[in-house]
Each structure stands twice: as structure tokens, then as C-alpha cells.
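Asks: Quick one: this structure, given as C-alpha cells, is what I'll be asking you about.
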Amino acid sequence: MMNKTFLFAALLIMTTTATAQDSTKDKTANVRNQICELMKTFWLSESVDERAKFVIDAERVRPLMEKYYAKNGIETLDYNCQYIRMKKMNDSVYVDEHTAYILTADGLKMDWESLVEYNEKTFEQMKRFPKKEFLVRAILLNLDTSYQNDTWGKITLNLNRAHSVYYRKDAPFAERLEELATEESLNVRYVTVKVMYDPEDENDYYNYVLTDFLKEGYSLYQ
């Protein structure tokens, strides 16, 4: 016969777990509603001033927004919340497709750079600016295990097409970068990084170096 104390403890654990799961579901549903309201207001806003109120790191990002919308125009639309496919990354970060949202002290904010997939330069354009760093949002494809070096590793990033990119193995982000690049459960891994074109000689056209790893894990298929 099952011990009554054991049975009570098991029921208590099950009840506590179920309550915690319900609480998580309620919070996630609440965040989803906040995302819905944020996106509805954002897409109906007709100026950079209005849209900048909803973005993360607005002071730094606003000049990027001005440049982007000056070129592309500001399109308004009636946002349909049924298309939200939200995933919880941690207690403060949520992702809808590859757009990230962060719960801050000032409320929910959007990662505008991931929304529009903002990039300062393409890989090809970087060749005109050797040794200068540019922000790039790309898909992390894989770790190139055929390239072996004590100092340098190599990964493949896709921005318009696949590119080989080198990184220092002693960089603080190297271990996490390698984990992401070998994670088989993710079909698409969006990352935001800084990349520099650093040719070893004037005839080397493909030597791109990853100098900083800023964001990770925004995926359409997580």
C-alpha cells in the first residue's frame, strides 16, 4: 500500500506544478495582449517620433529609424493580432517570429532592428570599407568544423547568400556562438552581430571577421 505521506507529497507537487504552469500561461497571454496593442499602435503611427516611443534603446536606434523611413517611407496598416506566434525566451524577453519584445520598467518595448531586419551594410558593401565594423542581422547557418586553428574559428552566416565569417576563439561570445551554430533543434537562427571586412592582402576578397555578438535566438521555427 502506498505511503499516505508520499501520496500527499506527490499530490502537493502535482498541484504546485499545475498552478505554476497556469500562472505562466496567464502571464504569457497577458504579454501577448500587450504585444497586440503595441503593434496596433505602432503600425498606425505616422511619424518616427511616434514609433520611437515603442522601441528598445530608442536614443541609439532613432537615427537608424530616420534613415530607414526616409528611404522606405512610413507605411501604416491595421495590424491583425491573429498572426502573433509568440514564444517566451525568458522572464522578460518574448519573440514573435524573429521580432523580439522586452518587458522593461517603462513597459513593453520592441526590438525595431529585428522587426525590419536592419543592416548597416551587406557583406559585399563592406569590401569598400576595410577594417570598419558594421551591424549585420543575418541567419547563423553552421560551424565550419573543417577549419581548424588554435586562434580562429569559422562560421557561416547568410545575408542574401552564405558567407564564411571568422571569429577569435578567445572572444567572450565564442562558446555561445559555437553552441548556437551546432544546435540542431533550430532550423533558423537569427543573430545580430558586428562584422568587419579585414583582408589579409589586396587579393583576398572573402575575409570577414565577426567582432561582436549582440543578439541571438530569434527564429521563425523555434
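Convention: chains lettered A, B, ... in C-alpha cells order; per-chain residue numbering from 1; ligands numbered from 1 as shown.
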Per DSSP on the backbone, what are the helix (DSSP H, G or I) residues of range 58-220 of chain A, as a ChimeraX atom specification?

Replies: /A:58-72,81-83,112-116,123-126,174-181

Asks: Considering only C-alpha atoms, return as a PDB file with N, CA, C and O atoms, in the first residue's frame whatever protein or nucleic-acid residues lie within 7 Å of Trp43 in chain A, sequence-local ones (same chain, fewer than 5 positions apart) excluded.

Replies:
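Listing of out.pdb after writing:
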```pdb
ATOM      1  N   THR A  76       1.439  52.668 -42.978  1.00  0.00           N
ATOM      2  CA  THR A  76       0.517  52.392 -41.888  1.00  0.00           C
ATOM      3  C   THR A  76      -0.407  51.252 -42.291  1.00  0.00           C
ATOM      4  O   THR A  76      -0.719  51.074 -43.473  1.00  0.00           O
ATOM      5  N   LEU A  77      -0.820  50.478 -41.297  1.00  0.00           N
ATOM      6  CA  LEU A  77      -1.732  49.381 -41.580  1.00  0.00           C
ATOM      7  C   LEU A  77      -2.499  49.013 -40.324  1.00  0.00           C
ATOM      8  O   LEU A  77      -2.128  49.363 -39.206  1.00  0.00           O
ATOM      9  N   ASP A  78      -3.594  48.294 -40.532  1.00  0.00           N
ATOM     10  CA  ASP A  78      -4.414  47.809 -39.424  1.00  0.00           C
ATOM     11  C   ASP A  78      -3.873  46.438 -39.024  1.00  0.00           C
ATOM     12  O   ASP A  78      -4.172  45.436 -39.668  1.00  0.00           O
ATOM     13  N   TYR A  79      -3.054  46.402 -37.984  1.00  0.00           N
ATOM     14  CA  TYR A  79      -2.360  45.181 -37.601  1.00  0.00           C
ATOM     15  C   TYR A  79      -3.340  44.119 -37.122  1.00  0.00           C
ATOM     16  O   TYR A  79      -4.222  44.385 -36.301  1.00  0.00           O
TER      17      TYR A  79
END
```

Asks: Interatomic distance between CA of Tyr94 in chain A and CA of Asn72 in chain A?

Replies: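 Separation between CA of Tyr94 in chain A and CA of Asn72 in chain A: 27.0 Å.
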
Asks: Taking 6 positions as the minimum chain separation for residues in the same chain, which residues sit within 10 Å of Thr104 in chain A when counting only C-alpha atoms? Answer as number ranges by chain.

Replies: A: 56, 92-93

Asks: Which residue gives the smallest distance to Asp91 in chain A among A:Val55, A:Val31, A:Leu143, A:Leu38, with only C-alpha atoms counted?

Replies: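 Answer, going by the shortest atom-to-atom distance: A:Val31.
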
Asks: Find the residues near Lys127 in chain A: any atom within 10 Å, counting only C-alpha atoms, skip ones fewer than 5 places away on the same chain, and give them as a PDB file with N, CA, C and O atoms, in the first residue's frame.

Replies:
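Result written to around_30.pdb:
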```pdb
ATOM      1  N   LYS A 121      25.198  47.489 -43.582  1.00  0.00           N
ATOM      2  CA  LYS A 121      25.822  47.190 -44.876  1.00  0.00           C
ATOM      3  C   LYS A 121      25.637  45.713 -45.193  1.00  0.00           C
ATOM      4  O   LYS A 121      25.518  44.879 -44.291  1.00  0.00           O
ATOM      5  N   THR A 122      25.636  45.379 -46.485  1.00  0.00           N
ATOM      6  CA  THR A 122      25.712  43.986 -46.886  1.00  0.00           C
ATOM      7  C   THR A 122      27.178  43.554 -46.825  1.00  0.00           C
ATOM      8  O   THR A 122      28.087  44.387 -46.724  1.00  0.00           O
ATOM      9  N   LYS A 132      36.460  48.521 -41.042  1.00  0.00           N
ATOM     10  CA  LYS A 132      35.383  49.252 -40.375  1.00  0.00           C
ATOM     11  C   LYS A 132      34.277  48.271 -39.994  1.00  0.00           C
ATOM     12  O   LYS A 132      33.863  47.443 -40.805  1.00  0.00           O
ATOM     13  N   MET A 196      33.426  42.891 -39.711  1.00  0.00           N
ATOM     14  CA  MET A 196      34.404  43.783 -40.336  1.00  0.00           C
ATOM     15  C   MET A 196      35.069  43.040 -41.491  1.00  0.00           C
ATOM     16  O   MET A 196      35.389  41.852 -41.381  1.00  0.00           O
ATOM     17  N   TYR A 197      35.251  43.733 -42.604  1.00  0.00           N
ATOM     18  CA  TYR A 197      35.997  43.160 -43.722  1.00  0.00           C
ATOM     19  C   TYR A 197      37.469  43.443 -43.476  1.00  0.00           C
ATOM     20  O   TYR A 197      37.893  44.591 -43.421  1.00  0.00           O
ATOM     21  N   ASP A 198      38.253  42.386 -43.311  1.00  0.00           N
ATOM     22  CA  ASP A 198      39.654  42.534 -42.943  1.00  0.00           C
ATOM     23  C   ASP A 198      40.524  41.650 -43.838  1.00  0.00           C
ATOM     24  O   ASP A 198      40.962  40.569 -43.443  1.00  0.00           O
ATOM     25  N   PRO A 199      40.780  42.082 -45.076  1.00  0.00           N
ATOM     26  CA  PRO A 199      41.569  41.261 -45.997  1.00  0.00           C
ATOM     27  C   PRO A 199      43.020  41.151 -45.548  1.00  0.00           C
ATOM     28  O   PRO A 199      43.625  42.122 -45.109  1.00  0.00           O
ATOM     29  N   TYR A 205      39.427  38.498 -51.042  1.00  0.00           N
ATOM     30  CA  TYR A 205      38.143  39.184 -51.120  1.00  0.00           C
ATOM     31  C   TYR A 205      37.096  38.618 -50.160  1.00  0.00           C
ATOM     32  O   TYR A 205      35.956  39.042 -50.164  1.00  0.00           O
ATOM     33  N   TYR A 206      37.441  37.641 -49.358  1.00  0.00           N
ATOM     34  CA  TYR A 206      36.405  36.967 -48.588  1.00  0.00           C
ATOM     35  C   TYR A 206      36.729  36.843 -47.101  1.00  0.00           C
ATOM     36  O   TYR A 206      36.198  35.980 -46.426  1.00  0.00           O
ATOM     37  N   ASN A 207      37.569  37.680 -46.590  1.00  0.00           N
ATOM     38  CA  ASN A 207      37.964  37.542 -45.200  1.00  0.00           C
ATOM     39  C   ASN A 207      37.132  38.470 -44.309  1.00  0.00           C
ATOM     40  O   ASN A 207      37.527  39.597 -44.023  1.00  0.00           O
ATOM     41  N   TYR A 208      35.982  37.980 -43.845  1.00  0.00           N
ATOM     42  CA  TYR A 208      35.111  38.735 -42.945  1.00  0.00           C
ATOM     43  C   TYR A 208      35.340  38.259 -41.520  1.00  0.00           C
ATOM     44  O   TYR A 208      35.415  37.061 -41.254  1.00  0.00           O
TER      45      TYR A 208
END
```

Asks: Which distance in Å separates CA of Tyr167 in chain A and CA of Glu216 in chain A, to one decimal?

Replies: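 CA of Glu216 in chain A lies at a distance of 15.9 Å from CA of Tyr167 in chain A.
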
Asks: Excluding Ala162 in chain A and its own-chain neighbours fewer than 6 positions away, which residues fall within 12 Å of it when counting only C-alpha atoms? Please give them as a list in words.

Replies: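 My list of contacting residues is Thr122, Phe123, Glu124, Ala138, Ile139, Leu140, Leu141, Asn142, Ile155, Thr156, Tyr206 and Tyr208 of chain A.
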
Asks: Looking at only C-alpha atoms, which of A:Trp152, A:Tyr147, A:Phe213, A:Tyr190 is the one that sits closest to Arg176 in chain A?

Replies: A:Phe213

Asks: Find the spatial neighbours of Leu44 in chain A, counting only C-alpha atoms, within a cut-off of 12 Å - ignore same-chain residues fewer than 2 positions away - and output them as an mmCIF file with all heavy atoms, in the first residue's frame.

Replies:
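Contents of the output file selection-v1.cif:
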```
data_model
loop_
_atom_site.group_PDB
_atom_site.id
_atom_site.type_symbol
_atom_site.label_atom_id
_atom_site.label_comp_id
_atom_site.auth_asym_id
_atom_site.auth_seq_id
_atom_site.Cartn_x
_atom_site.Cartn_y
_atom_site.Cartn_z
ATOM 1 N N GLU A 37 -1.477 45.165 -28.627
ATOM 2 C CA GLU A 37 -1.780 46.594 -28.514
ATOM 3 C C GLU A 37 -0.610 47.445 -28.987
ATOM 4 O O GLU A 37 -0.794 48.475 -29.651
ATOM 5 C CB GLU A 37 -2.137 46.936 -27.064
ATOM 6 C CG GLU A 37 -3.449 46.341 -26.593
ATOM 7 C CD GLU A 37 -4.612 46.729 -27.503
ATOM 8 O OE1 GLU A 37 -4.728 47.936 -27.838
ATOM 9 O OE2 GLU A 37 -5.390 45.842 -27.892
ATOM 10 N N LEU A 38 0.622 47.030 -28.640
ATOM 11 C CA LEU A 38 1.806 47.765 -29.078
ATOM 12 C C LEU A 38 1.881 47.802 -30.600
ATOM 13 O O LEU A 38 2.098 48.865 -31.200
ATOM 14 C CB LEU A 38 3.065 47.124 -28.493
ATOM 15 C CG LEU A 38 4.410 47.810 -28.781
ATOM 16 C CD1 LEU A 38 5.405 47.471 -27.679
ATOM 17 C CD2 LEU A 38 5.006 47.409 -30.126
ATOM 18 N N MET A 39 1.691 46.653 -31.235
ATOM 19 C CA MET A 39 1.817 46.581 -32.684
ATOM 20 C C MET A 39 0.700 47.334 -33.391
ATOM 21 O O MET A 39 0.909 47.957 -34.437
ATOM 22 C CB MET A 39 1.862 45.129 -33.137
ATOM 23 C CG MET A 39 3.102 44.382 -32.670
ATOM 24 S SD MET A 39 4.648 45.181 -33.157
ATOM 25 C CE MET A 39 4.631 44.910 -34.939
ATOM 26 N N LYS A 40 -0.505 47.272 -32.849
ATOM 27 C CA LYS A 40 -1.606 48.034 -33.438
ATOM 28 C C LYS A 40 -1.275 49.525 -33.443
ATOM 29 O O LYS A 40 -1.449 50.226 -34.452
ATOM 30 C CB LYS A 40 -2.894 47.780 -32.643
ATOM 31 C CG LYS A 40 -3.637 46.504 -33.009
ATOM 32 C CD LYS A 40 -4.894 46.368 -32.189
ATOM 33 C CE LYS A 40 -5.741 45.217 -32.663
ATOM 34 N NZ LYS A 40 -6.361 45.461 -33.980
ATOM 35 N N THR A 41 -0.789 50.020 -32.300
ATOM 36 C CA THR A 41 -0.473 51.447 -32.191
ATOM 37 C C THR A 41 0.734 51.807 -33.051
ATOM 38 O O THR A 41 0.743 52.841 -33.727
ATOM 39 C CB THR A 41 -0.201 51.820 -30.721
ATOM 40 O OG1 THR A 41 -1.293 51.384 -29.912
ATOM 41 C CG2 THR A 41 -0.030 53.321 -30.570
ATOM 42 N N PHE A 42 1.756 50.954 -33.022
ATOM 43 C CA PHE A 42 2.970 51.209 -33.801
ATOM 44 C C PHE A 42 2.645 51.345 -35.285
ATOM 45 O O PHE A 42 3.078 52.298 -35.944
ATOM 46 C CB PHE A 42 3.968 50.069 -33.576
ATOM 47 C CG PHE A 42 5.224 50.192 -34.412
ATOM 48 C CD1 PHE A 42 6.305 50.923 -33.956
ATOM 49 C CD2 PHE A 42 5.307 49.576 -35.655
ATOM 50 C CE1 PHE A 42 7.451 51.047 -34.729
ATOM 51 C CE2 PHE A 42 6.457 49.686 -36.432
ATOM 52 C CZ PHE A 42 7.527 50.430 -35.966
ATOM 53 N N GLU A 46 2.239 57.533 -37.656
ATOM 54 C CA GLU A 46 2.623 58.092 -38.951
ATOM 55 C C GLU A 46 3.929 58.873 -38.916
ATOM 56 O O GLU A 46 4.279 59.529 -39.890
ATOM 57 C CB GLU A 46 1.493 58.988 -39.474
ATOM 58 C CG GLU A 46 0.186 58.228 -39.696
ATOM 59 C CD GLU A 46 -0.918 59.120 -40.227
ATOM 60 O OE1 GLU A 46 -0.737 60.363 -40.207
ATOM 61 O OE2 GLU A 46 -1.952 58.580 -40.663
ATOM 62 N N SER A 47 4.646 58.815 -37.803
ATOM 63 C CA SER A 47 5.907 59.562 -37.718
ATOM 64 C C SER A 47 6.944 58.750 -36.948
ATOM 65 O O SER A 47 6.609 57.853 -36.162
ATOM 66 C CB SER A 47 5.696 60.904 -37.009
ATOM 67 O OG SER A 47 5.419 60.699 -35.629
ATOM 68 N N VAL A 48 8.213 59.102 -37.168
ATOM 69 C CA VAL A 48 9.294 58.459 -36.436
ATOM 70 C C VAL A 48 9.174 58.780 -34.953
ATOM 71 O O VAL A 48 9.428 57.922 -34.102
ATOM 72 C CB VAL A 48 10.668 58.911 -36.976
ATOM 73 C CG1 VAL A 48 11.794 58.364 -36.112
ATOM 74 C CG2 VAL A 48 10.844 58.462 -38.424
ATOM 75 N N GLU A 50 6.527 59.136 -33.124
ATOM 76 C CA GLU A 50 5.543 58.256 -32.503
ATOM 77 C C GLU A 50 6.061 56.826 -32.419
ATOM 78 O O GLU A 50 5.925 56.160 -31.388
ATOM 79 C CB GLU A 50 4.228 58.297 -33.290
ATOM 80 C CG GLU A 50 3.456 59.591 -33.125
ATOM 81 C CD GLU A 50 3.045 59.823 -31.683
ATOM 82 O OE1 GLU A 50 2.550 58.877 -31.041
ATOM 83 O OE2 GLU A 50 3.254 60.942 -31.187
ATOM 84 N N ARG A 51 6.680 56.342 -33.471
ATOM 85 C CA ARG A 51 7.141 54.951 -33.487
ATOM 86 C C ARG A 51 8.320 54.733 -32.537
ATOM 87 O O ARG A 51 8.479 53.653 -31.970
ATOM 88 C CB ARG A 51 7.503 54.528 -34.905
ATOM 89 C CG ARG A 51 6.278 54.471 -35.802
ATOM 90 C CD ARG A 51 6.508 53.735 -37.092
ATOM 91 N NE ARG A 51 5.244 53.581 -37.815
ATOM 92 C CZ ARG A 51 5.077 52.851 -38.910
ATOM 93 N NH1 ARG A 51 6.115 52.216 -39.443
ATOM 94 N NH2 ARG A 51 3.891 52.752 -39.473
ATOM 95 N N ILE A 74 6.930 55.625 -44.492
ATOM 96 C CA ILE A 74 6.246 55.032 -43.338
ATOM 97 C C ILE A 74 4.905 54.485 -43.788
ATOM 98 O O ILE A 74 3.995 55.240 -44.141
ATOM 99 C CB ILE A 74 6.060 56.063 -42.205
ATOM 100 C CG1 ILE A 74 7.427 56.481 -41.654
ATOM 101 C CG2 ILE A 74 5.193 55.487 -41.095
ATOM 102 C CD1 ILE A 74 7.361 57.429 -40.481
ATOM 103 N N GLU A 75 4.801 53.192 -43.761
ATOM 104 C CA GLU A 75 3.565 52.518 -44.159
ATOM 105 C C GLU A 75 2.699 52.280 -42.922
ATOM 106 O O GLU A 75 3.176 51.777 -41.905
ATOM 107 C CB GLU A 75 3.875 51.178 -44.812
ATOM 108 C CG GLU A 75 2.633 50.368 -45.181
ATOM 109 C CD GLU A 75 2.967 48.959 -45.650
ATOM 110 O OE1 GLU A 75 4.137 48.555 -45.510
ATOM 111 O OE2 GLU A 75 2.057 48.280 -46.140
ATOM 112 N N THR A 76 1.439 52.668 -42.978
ATOM 113 C CA THR A 76 0.517 52.392 -41.888
ATOM 114 C C THR A 76 -0.407 51.252 -42.291
ATOM 115 O O THR A 76 -0.719 51.074 -43.473
ATOM 116 C CB THR A 76 -0.331 53.624 -41.525
ATOM 117 O OG1 THR A 76 -1.107 54.021 -42.664
ATOM 118 C CG2 THR A 76 0.550 54.781 -41.087
ATOM 119 N N LEU A 77 -0.820 50.478 -41.297
ATOM 120 C CA LEU A 77 -1.732 49.381 -41.580
ATOM 121 C C LEU A 77 -2.499 49.013 -40.324
ATOM 122 O O LEU A 77 -2.128 49.363 -39.206
ATOM 123 C CB LEU A 77 -0.969 48.167 -42.125
ATOM 124 C CG LEU A 77 0.161 47.564 -41.288
ATOM 125 C CD1 LEU A 77 -0.376 46.555 -40.272
ATOM 126 C CD2 LEU A 77 1.178 46.870 -42.184
ATOM 127 N N ASP A 78 -3.594 48.294 -40.532
ATOM 128 C CA ASP A 78 -4.414 47.809 -39.424
ATOM 129 C C ASP A 78 -3.873 46.438 -39.024
ATOM 130 O O ASP A 78 -4.172 45.436 -39.668
ATOM 131 C CB ASP A 78 -5.879 47.715 -39.866
ATOM 132 C CG ASP A 78 -6.802 47.326 -38.721
ATOM 133 O OD1 ASP A 78 -6.333 47.321 -37.561
ATOM 134 O OD2 ASP A 78 -7.975 47.007 -38.978
ATOM 135 N N TYR A 79 -3.054 46.402 -37.984
ATOM 136 C CA TYR A 79 -2.360 45.181 -37.601
ATOM 137 C C TYR A 79 -3.340 44.119 -37.122
ATOM 138 O O TYR A 79 -4.222 44.385 -36.301
ATOM 139 C CB TYR A 79 -1.347 45.491 -36.502
ATOM 140 C CG TYR A 79 -0.498 44.312 -36.095
ATOM 141 C CD1 TYR A 79 0.561 43.885 -36.883
ATOM 142 C CD2 TYR A 79 -0.761 43.620 -34.915
ATOM 143 C CE1 TYR A 79 1.351 42.802 -36.513
ATOM 144 C CE2 TYR A 79 0.016 42.543 -34.535
ATOM 145 C CZ TYR A 79 1.063 42.139 -35.342
ATOM 146 O OH TYR A 79 1.832 41.065 -34.967
ATOM 147 N N ASN A 80 -3.166 42.905 -37.628
ATOM 148 C CA ASN A 80 -4.044 41.793 -37.275
ATOM 149 C C ASN A 80 -3.343 40.900 -36.249
ATOM 150 O O ASN A 80 -2.379 40.212 -36.569
ATOM 151 C CB ASN A 80 -4.397 40.984 -38.533
ATOM 152 C CG ASN A 80 -5.490 39.959 -38.271
ATOM 153 O OD1 ASN A 80 -5.690 39.519 -37.138
ATOM 154 N ND2 ASN A 80 -6.191 39.574 -39.318
#
```

Asks: What does the distance between CA of Asp212 in chain A and CA of Val195 in chain A come to in Å, to one decimal place?

Replies: 7.3 Å

Asks: Which of these, A:Phe134, A:Phe129, A:Tyr83, A:Tyr166, has the shortest distance to Glu97 in chain A once you count only C-alpha atoms?

Replies: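 Once distances to Glu97 in chain A are computed over only C-alpha atoms, the minimum belongs to A:Tyr83.
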
Asks: Choose the residue, out of A:Ser164, A:Gln125, A:Asn33, A:Thr182, that has the smallest atom-to-atom separation from Arg85 in chain A; count only C-alpha atoms.

Replies: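 Of the candidates, the smallest distance to Arg85 in chain A is held by A:Asn33.
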
Asks: Return as a ChimeraX atom specification the full set of residues in range 3-178 of chain A whose backbone-based DSSP assignment is strand (DSSP E).

Replies: /A:86-88,93-96,99-104,107-110,133-143,152-159,161-168

Asks: Which one is closest to Ile102 in chain A: A:Lys154, A:Val61, A:His163, A:Ile35? Count only C-alpha atoms.

Replies: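 Of A:Lys154, A:Val61, A:His163, A:Ile35, the one nearest Ile102 in chain A is A:Ile35, counting only C-alpha atoms.
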